[in-house]
2 protein chains.
Amino acid sequence: MNPNEQLQSLIENYLAQAEFPAEPELLYAPIAYSLAGGGKRLRPMLVLLSHAVFNDDVQQALPAAAAVEVFHNFTLLHDDIMDNAAIRRGKPSVFAKWGRNVAILSGDAMLIYAYRLLSGLPAERLPQVLATFNTMALEVCEGQQYDMDFEQKQKVSVVEYMHMIELKTSALLAGSVQIGALLAGASEEDCRKLRRFAVELGLAFQLQDDLLDSYGDERLGKAIGGDILEGKKTYLMVTAMSRADEPTREELRRLLGDTGMEPDRKIAAVKAIYDRLDVPHLTEQQIELRFERALAQLDTLSADAARCAPLREFAAGLMGRKK
Amino acid sequence: MNPNEQLQSLIENYLAQAEFPAEPELLYAPIAYSLAGGGKRLRPMLVLLSHAVFNDDVQQALPAAAAVEVFHNFTLLHDDIMDNAAIRRGKPSVFAKWGRNVAILSGDAMLIYAYRLLSGLPAERLPQVLATFNTMALEVCEGQQYDMDFEQKQKVSVVEYMHMIELKTSALLAGSVQIGALLAGASEEDCRKLRRFAVELGLAFQLQDDLLDSYGDERLGKAIGGDILEGKKTYLMVTAMSRADEPTREELRRLLGDTGMEPDRKIAAVKAIYDRLDVPHLTEQQIELRFERALAQLDTLSADAARCAPLREFAAGLMGRKK
């Protein structure tokens, strides 16, 4: 195992050793099911990696790392109700398996359980970590609400879209690195820089996710065009809308609203417009810009470059790059 | 204003001064709507009254008092989704007014907001208060799940029912007085006694609520028999079931399952069985017993009797008695 794999397995073990009461079963079984459901553990990794830049005692960061992972899984549990999503990580979602009421209530219990993990932190760090966690958690809710708002909205600007993903995706990464750094006793300035790193990394990650959904990735062999078929407002779509002339915008709207159209033809038609407007290339540029900005923050930390290397490597891995 | 009314108005003012962001509106407007929706503020009153037994600085207990009230309103918000309840305190529920997804997400934000109120507590008290709050919150979720389980269950014993309401109703009262006492710097023993007081008071209160739903209260003039028509497992019902012979149990089940029966006739028939089995009288005895036990705890606190008087008065008022 390389060092990052070792951290990953510390997280898995820590999460696996949590014991939930046997009763009421419909409250606790879904929590155990969610947490055992895999996932890349990106957010707890960010807690541990950020902590490790300043502090060698990884054990002290594990409860907080678990807390952000539990929080993340709580959001998925409730999001799946809101999105009517039957599948999560290749298995039935809690919502599909146990129904709406169980998913609401066990999700609530999961959020409380995240706070229970925090309550054992060293008392001198608790106020700051708790405040950071709360701000992060509210931002994630705001992002989810904006995302739902956008579904009903005719016109979403690129700025509005970036603001939404900064809340929905980046806030949790930024909170994670900040909590790791706080627990390690990092300076305020280092905390701020790490947050900036994570915000930019989150934006790069989300834009890449948007791009891959329409243009694919030979490494993943994933189905292409899901966002287009769902009519989702992605970075590609809002960029296309902002660059298109009125007839092209009209054409895009018509395509998205056409429920009778054969899926492959619809995807090809939308992508033809994206291509004509140079959207893929502009998105790639934006991804590069954000990723470079993220890495640049790491160069300015007060710690040695060697101590930042695992975090840098993790960021590169997240973006599918071999550093 | 008498002293308890003064505390009440401190709570109202504290809750009213909370400012929520204007955007996203569908996240924050339901929170403000919920908190402005009235309610008796019983739980924050218990925080303040318990605190006041040991400490005169009421201001320091206000954020925690607000936190338990916000938590309580969060549970109502999510319960209304689970119960499909359109009305809350005489107004449309958040669920009915804004829909299910908004109620889920703004409820989540409300729970997080409760923790935000806690995060500003004095650092030396925070770990204990946070741990108490978390335990309380999980117990309330457990109680709600048991309550939902009981709807599907053929047979619920009196012991199971008491366990459920101890979680669903008493836990929040017990957590409230404990948090008040912790913030006041009370001893562990006093905290334990106050918890016991609140657990018993909660049981007495819930049993009285069950009794009034079927036998009414001339002071309230409330519609009678709602629980019977809904087929709810109340203290009256589980007691009747435990005391009845098999033919009477069968008759009760038949009555509850009879959807064609005229409501007034159904209520009268079920109450005739209750009366025959001496259920109202037994319930009254149980209420008295629990209420006496609650008050007895107050006599053993290390504080002067005079300092406990407002709490005692509040408990009597809650039970509709003039001390």
# chains A, B, ... in the order shown; residues from 1 in each chain; ligands from 1

call {"tool": "select_by_dssp", "arguments": {"residues": "stretch 4-102 of chain A", "states": "strand (DSSP E or B)", "output": "list in words"}}
result
Ile87, Arg88, Lys91 and Pro92 of chain A

call {"tool": "select_by_dssp", "arguments": {"residues": "stretch 234-287 of chain A", "states": "helix (DSSP H, G or I)", "output": "NGL selection string"}}
result
:A and (235-243 or 246-257 or 263-276 or 279-287)

call {"tool": "atom_distance", "arguments": {"atom1": "atom CA of A:Ala18", "atom2": "atom CA of A:Ser34"}}
result
12.6 Å

call {"tool": "closest_residue", "arguments": {"among": "B:Val158, B:Met241, B:Leu111, B:Leu183", "to": "B:Ala65", "atoms": "only C-alpha atoms"}}
result
B:Leu183

call {"tool": "residues_around", "arguments": {"residues": "B:Asp245", "least_positions_apart": "6", "cutoff": "12 Å", "atoms": "only C-alpha atoms", "output": "list in words"}}
result
Glu251, Leu252, Ile273, Arg276 and Leu277 of chain B

call {"tool": "write_last_selection", "arguments": {"atoms": "all heavy atoms", "output": "tab-separated table (two decimals), in the first residue's frame"}}
result
chain	number	residue	atom	x	y	z
B	251	GLU	N	-62.96	-7.69	19.41
B	251	GLU	CA	-63.96	-6.65	19.19
B	251	GLU	C	-63.30	-5.27	18.96
B	251	GLU	O	-63.68	-4.53	18.04
B	251	GLU	CB	-64.88	-6.60	20.43
B	251	GLU	CG	-65.84	-5.43	20.52
B	251	GLU	CD	-66.95	-5.48	19.49
B	251	GLU	OE1	-67.00	-6.48	18.73
B	251	GLU	OE2	-67.75	-4.53	19.41
B	252	LEU	N	-62.27	-4.97	19.75
B	252	LEU	CA	-61.55	-3.70	19.58
B	252	LEU	C	-60.90	-3.63	18.20
B	252	LEU	O	-60.98	-2.62	17.50
B	252	LEU	CB	-60.46	-3.56	20.66
B	252	LEU	CG	-60.84	-2.80	21.94
B	252	LEU	CD1	-59.73	-2.91	22.97
B	252	LEU	CD2	-61.13	-1.33	21.64
B	273	ILE	N	-65.79	0.24	25.78
B	273	ILE	CA	-64.85	-0.83	26.18
B	273	ILE	C	-63.81	-0.28	27.17
B	273	ILE	O	-63.50	-0.90	28.18
B	273	ILE	CB	-64.17	-1.45	24.94
B	273	ILE	CG1	-65.23	-2.12	24.06
B	273	ILE	CG2	-63.09	-2.45	25.36
B	273	ILE	CD1	-64.69	-2.72	22.78
B	276	ARG	N	-65.42	-0.02	30.49
B	276	ARG	CA	-65.66	-1.33	31.10
B	276	ARG	C	-64.37	-1.87	31.71
B	276	ARG	O	-64.38	-2.56	32.73
B	276	ARG	CB	-66.18	-2.28	30.02
B	276	ARG	CG	-67.09	-3.35	30.53
B	276	ARG	CD	-67.88	-3.97	29.39
B	276	ARG	NE	-67.03	-4.78	28.54
B	276	ARG	CZ	-67.14	-4.82	27.19
B	276	ARG	NH1	-68.04	-4.08	26.56
B	276	ARG	NH2	-66.35	-5.60	26.49
B	277	LEU	N	-63.24	-1.55	31.06
B	277	LEU	CA	-61.95	-2.08	31.52
B	277	LEU	C	-61.27	-1.12	32.51
B	277	LEU	O	-60.12	-1.32	32.88
B	277	LEU	CB	-61.03	-2.32	30.32
B	277	LEU	CG	-61.49	-3.42	29.35
B	277	LEU	CD1	-60.68	-3.36	28.05
B	277	LEU	CD2	-61.34	-4.80	30.00

call {"tool": "closest_residue", "arguments": {"among": "A:Asp79, A:Glu160, A:Asp217, A:Asp56", "to": "chain B", "atoms": "only C-alpha atoms"}}
result
A:Asp79

call {"tool": "atom_distance", "arguments": {"atom1": "atom CA of B:Tyr146", "atom2": "atom CA of A:Ala16"}}
result
25.6 Å

call {"tool": "closest_residue", "arguments": {"among": "B:Ile104, B:Ala64, B:Ala29, B:Ala86", "to": "chain A", "atoms": "only C-alpha atoms"}}
result
B:Ile104

call {"tool": "closest_residue", "arguments": {"among": "A:Arg100, A:His163, A:Arg196, A:Arg293", "to": "chain B", "atoms": "only C-alpha atoms"}}
result
A:Arg100

call {"tool": "closest_residue", "arguments": {"among": "B:Glu200, B:Glu69, B:Glu142, B:Asp210", "to": "chain A", "atoms": "only C-alpha atoms"}}
result
B:Glu142

call {"tool": "closest_residue", "arguments": {"among": "B:Glu250, B:Asp108, B:Glu230, B:Asp190", "to": "chain A", "atoms": "only C-alpha atoms"}}
result
B:Asp108

call {"tool": "residues_around", "arguments": {"residues": "stretch 312-321 of chain B", "least_positions_apart": "3", "cutoff": "9 Å", "atoms": "only C-alpha atoms", "output": "list in words"}}
result
Asn4, Leu42, Met45, Leu46, Leu49, Leu201, Ala204, Phe205, Gln208, Phe291, Ala294, Leu295, Leu298, Cys308 and Ala309 of chain B
